[in-house]
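Asker: Submitted below is the structure of interest, expressed as structure tokens.
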Amino acid sequence: MAGLGLTVEDDMGYTVPASFGLVGMYSKIELNDAIWLNYNPMYTTQLGGDDRLDDAFGLTHEAAISYQITPTKNIRAFWNWGETLEGTDFRIEMNIQF
């Protein structure tokens, strides 16, 4: 995956303080019909704009384990981290398709 984007802020009206480029990969490993793993590394770099946003860019990682409860419901646990484990984010979500 590759893309370009803009950082948008809404402090006192909308501003676009930076632009960025992104290169990444999505992967999926099926353990069985109901359980799968994902690993998704992404690299972003600032193309222009406000230098105070430099820390928001770089190498990031996402790992997930998912369980299919029914054909329309699943539960997923995500772990996100950057170039270090400081600032690690963990979340659990349940998805229902209608």
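Just so we're on the same page: first chain in the structure tokens is A, next is B, and so on; residues restart at 1 for each chain, and ligands are numbered from 1 in the order they show up.
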Can you list, as an MDAnalysis selection string, every protein, DNA or RNA residue that comes within 12 Å of segment 48-50 of chain A when you count only C-alpha atoms, leaving out same-chain residues fewer than 2 positions away?

Answerer: chainID A and resid 4:9 15:21 45:46 52:57

Asker: Store the residues picked out above in a file with N, CA, C and O atoms, as a short mmCIF file (atom, residue, chain, number, x, y, z; two decimals), in the first residue's frame.

Answerer:
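For reference, part.cif as written:
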```cif
data_model
loop_
_atom_site.label_atom_id
_atom_site.label_comp_id
_atom_site.auth_asym_id
_atom_site.auth_seq_id
_atom_site.Cartn_x
_atom_site.Cartn_y
_atom_site.Cartn_z
N LEU A 4 -0.65 9.23 -0.16
CA LEU A 4 -0.31 10.59 0.23
C LEU A 4 -1.46 11.11 1.08
O LEU A 4 -2.61 10.71 0.90
N GLY A 5 -1.16 12.02 2.00
CA GLY A 5 -2.22 12.54 2.85
C GLY A 5 -1.90 13.91 3.40
O GLY A 5 -0.81 14.45 3.21
N LEU A 6 -2.88 14.46 4.11
CA LEU A 6 -2.76 15.75 4.75
C LEU A 6 -3.10 15.61 6.22
O LEU A 6 -3.99 14.83 6.58
N THR A 7 -2.40 16.36 7.06
CA THR A 7 -2.75 16.46 8.47
C THR A 7 -3.67 17.67 8.61
O THR A 7 -3.34 18.75 8.14
N VAL A 8 -4.83 17.47 9.24
CA VAL A 8 -5.81 18.56 9.39
C VAL A 8 -5.99 18.84 10.87
O VAL A 8 -6.13 17.93 11.68
N GLU A 9 -5.98 20.14 11.23
CA GLU A 9 -6.23 20.56 12.61
C GLU A 9 -7.45 21.46 12.64
O GLU A 9 -7.75 22.15 11.68
N THR A 15 -7.08 24.01 9.50
CA THR A 15 -5.79 24.31 8.90
C THR A 15 -5.15 22.99 8.45
O THR A 15 -5.48 21.92 8.95
N VAL A 16 -4.25 23.09 7.49
CA VAL A 16 -3.51 21.92 7.00
C VAL A 16 -2.04 22.18 7.28
O VAL A 16 -1.34 22.76 6.45
N PRO A 17 -1.56 21.76 8.48
CA PRO A 17 -0.18 22.08 8.85
C PRO A 17 0.89 21.18 8.23
O PRO A 17 2.06 21.48 8.33
N ALA A 18 0.51 20.05 7.60
CA ALA A 18 1.54 19.17 7.05
C ALA A 18 0.95 18.24 6.00
O ALA A 18 -0.25 17.97 5.99
N SER A 19 1.83 17.76 5.13
CA SER A 19 1.48 16.70 4.17
C SER A 19 2.44 15.54 4.43
O SER A 19 3.52 15.72 4.98
N PHE A 20 2.01 14.33 4.05
CA PHE A 20 2.85 13.17 4.33
C PHE A 20 2.69 12.10 3.26
O PHE A 20 1.73 12.09 2.50
N GLY A 21 3.68 11.20 3.20
CA GLY A 21 3.64 10.03 2.35
C GLY A 21 3.64 8.79 3.24
O GLY A 21 4.18 8.80 4.34
N THR A 45 6.29 9.55 6.30
CA THR A 45 7.29 10.61 6.32
C THR A 45 6.61 11.93 5.97
O THR A 45 5.69 11.96 5.14
N GLN A 46 7.03 12.97 6.62
CA GLN A 46 6.46 14.29 6.36
C GLN A 46 7.03 14.83 5.07
O GLN A 46 8.24 14.84 4.86
N ARG A 52 7.04 21.05 13.82
CA ARG A 52 6.68 20.57 15.16
C ARG A 52 5.94 19.24 15.10
O ARG A 52 5.76 18.57 16.11
N LEU A 53 5.53 18.80 13.92
CA LEU A 53 4.81 17.53 13.75
C LEU A 53 5.73 16.37 13.41
O LEU A 53 5.27 15.25 13.21
N ASP A 54 7.04 16.58 13.36
CA ASP A 54 8.00 15.53 12.98
C ASP A 54 7.83 14.25 13.78
O ASP A 54 8.00 13.15 13.27
N ASP A 55 7.53 14.36 15.08
CA ASP A 55 7.40 13.18 15.93
C ASP A 55 6.21 12.30 15.57
O ASP A 55 6.14 11.14 15.99
N ALA A 56 5.26 12.82 14.81
CA ALA A 56 4.07 12.05 14.45
C ALA A 56 4.33 11.06 13.32
O ALA A 56 3.48 10.23 13.01
N PHE A 57 5.49 11.14 12.70
CA PHE A 57 5.79 10.31 11.54
C PHE A 57 6.90 9.31 11.86
O PHE A 57 7.64 9.46 12.80
#
```

Asker: Identify, on the basis of only C-alpha atoms, every residue whose closest approach to Gly87 of chain A does not exceed 12 Å; exclude the query and any residue fewer than 6 positions from it along the same chain; express the result as an MDAnalysis selection string.

Answerer: chainID A and resid 56 60:61 79:81

Asker: Find the residues near Asn40 of chain A: any atom within 12 Å, counting only C-alpha atoms, skip ones fewer than 2 places away on the same chain, and give them as a ChimeraX atom specification.

Answerer: /A:1,23-29,37-38,42-43,59-65,78-82

Asker: Here is a test: counting only C-alpha atoms, which residue of A:Ile35, A:Phe98, A:Ala2, A:Tyr14 is nearest to Arg76 of chain A?

Answerer: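 Closest residue, counting only C-alpha atoms: A:Ile35.
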
Asker: List every residue of chain A that DSSP, applied to the backbone of this structure, assigns to helix (DSSP H, G or I), and report them as a list in words.

Answerer: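 DSSP-assigned helix (DSSP H, G or I) residues in chain A: Asp51, Arg52, Leu53, Asp54, Asp55 and Ala56 of chain A.
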
Asker: Run DSSP on the backbone of this structure and report the residues of chain A it assigns to strand (DSSP E), as JSON, numbers by chain.

Answerer: {"A": [2, 3, 4, 5, 6, 7, 8, 9, 10, 14, 15, 16, 17, 18, 19, 20, 21, 22, 23, 24, 27, 28, 29, 30, 35, 36, 37, 38, 39, 42, 43, 44, 45, 46, 47, 48, 49, 58, 59, 60, 61, 62, 63, 64, 65, 66, 67, 68, 69, 70, 73, 74, 75, 76, 77, 78, 79, 80, 81, 89, 90, 91, 92, 93, 94, 95, 96]}

Asker: Those same residues, written as an mmCIF file, in the first residue's frame with C-alpha atoms?

Answerer:
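Once everything was written out, this is again.cif:
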```
data_model
loop_
_atom_site.group_PDB
_atom_site.id
_atom_site.type_symbol
_atom_site.label_atom_id
_atom_site.label_comp_id
_atom_site.auth_asym_id
_atom_site.auth_seq_id
_atom_site.Cartn_x
_atom_site.Cartn_y
_atom_site.Cartn_z
ATOM 1 C CA ALA A 2 1.218 3.515 -0.756
ATOM 2 C CA GLY A 3 -0.483 6.854 -0.346
ATOM 3 C CA LEU A 4 -0.312 10.587 0.228
ATOM 4 C CA GLY A 5 -2.220 12.537 2.855
ATOM 5 C CA LEU A 6 -2.759 15.753 4.749
ATOM 6 C CA THR A 7 -2.751 16.461 8.470
ATOM 7 C CA VAL A 8 -5.809 18.557 9.388
ATOM 8 C CA GLU A 9 -6.227 20.562 12.608
ATOM 9 C CA ASP A 10 -9.325 22.271 13.960
ATOM 10 C CA TYR A 14 -9.482 24.166 9.792
ATOM 11 C CA THR A 15 -5.789 24.308 8.898
ATOM 12 C CA VAL A 16 -3.514 21.920 6.999
ATOM 13 C CA PRO A 17 -0.182 22.078 8.849
ATOM 14 C CA ALA A 18 1.539 19.170 7.049
ATOM 15 C CA SER A 19 1.479 16.700 4.174
ATOM 16 C CA PHE A 20 2.848 13.168 4.333
ATOM 17 C CA GLY A 21 3.640 10.025 2.351
ATOM 18 C CA LEU A 22 2.876 6.489 3.551
ATOM 19 C CA VAL A 23 4.112 3.029 2.561
ATOM 20 C CA GLY A 24 2.774 -0.041 4.334
ATOM 21 C CA SER A 27 -0.982 -9.214 6.199
ATOM 22 C CA LYS A 28 -3.364 -11.940 7.334
ATOM 23 C CA ILE A 29 -2.569 -15.404 8.676
ATOM 24 C CA GLU A 30 -5.560 -17.718 9.100
ATOM 25 C CA ILE A 35 -9.266 -17.238 14.197
ATOM 26 C CA TRP A 36 -6.788 -15.111 12.270
ATOM 27 C CA LEU A 37 -3.783 -12.871 12.939
ATOM 28 C CA ASN A 38 -2.778 -9.598 11.275
ATOM 29 C CA TYR A 39 0.528 -7.726 11.204
ATOM 30 C CA MET A 42 3.486 1.317 8.100
ATOM 31 C CA TYR A 43 6.107 3.978 7.426
ATOM 32 C CA THR A 44 5.100 7.630 7.133
ATOM 33 C CA THR A 45 7.288 10.611 6.324
ATOM 34 C CA GLN A 46 6.460 14.291 6.361
ATOM 35 C CA LEU A 47 6.600 15.818 2.888
ATOM 36 C CA GLY A 48 6.189 19.420 3.983
ATOM 37 C CA GLY A 49 4.682 21.704 6.546
ATOM 38 C CA GLY A 58 8.029 7.243 11.235
ATOM 39 C CA LEU A 59 7.658 3.470 11.510
ATOM 40 C CA THR A 60 4.493 2.162 13.211
ATOM 41 C CA HIS A 61 3.200 -1.361 13.764
ATOM 42 C CA GLU A 62 -0.199 -2.941 14.311
ATOM 43 C CA ALA A 63 -0.794 -6.542 15.363
ATOM 44 C CA ALA A 64 -4.242 -8.069 15.836
ATOM 45 C CA ILE A 65 -5.894 -11.334 16.735
ATOM 46 C CA SER A 66 -9.482 -11.868 15.619
ATOM 47 C CA TYR A 67 -12.209 -14.375 16.404
ATOM 48 C CA GLN A 68 -15.260 -14.908 14.172
ATOM 49 C CA ILE A 69 -18.221 -15.505 16.539
ATOM 50 C CA THR A 70 -20.877 -15.833 13.824
ATOM 51 C CA LYS A 73 -20.005 -10.873 14.333
ATOM 52 C CA ASN A 74 -16.347 -10.863 15.299
ATOM 53 C CA ILE A 75 -14.201 -9.647 18.158
ATOM 54 C CA ARG A 76 -10.706 -8.257 17.589
ATOM 55 C CA ALA A 77 -7.818 -7.272 19.868
ATOM 56 C CA PHE A 78 -5.317 -4.732 18.464
ATOM 57 C CA TRP A 79 -1.858 -3.743 19.663
ATOM 58 C CA ASN A 80 -0.259 -0.634 18.117
ATOM 59 C CA TRP A 81 3.272 0.657 18.724
ATOM 60 C CA ASP A 89 -1.908 1.341 22.463
ATOM 61 C CA PHE A 90 -4.141 -1.702 23.067
ATOM 62 C CA ARG A 91 -7.835 -1.926 22.216
ATOM 63 C CA ILE A 92 -10.579 -4.502 21.837
ATOM 64 C CA GLU A 93 -13.472 -4.039 19.437
ATOM 65 C CA MET A 94 -16.563 -6.021 18.477
ATOM 66 C CA ASN A 95 -17.842 -5.740 14.912
ATOM 67 C CA ILE A 96 -21.393 -6.496 13.817
#
```
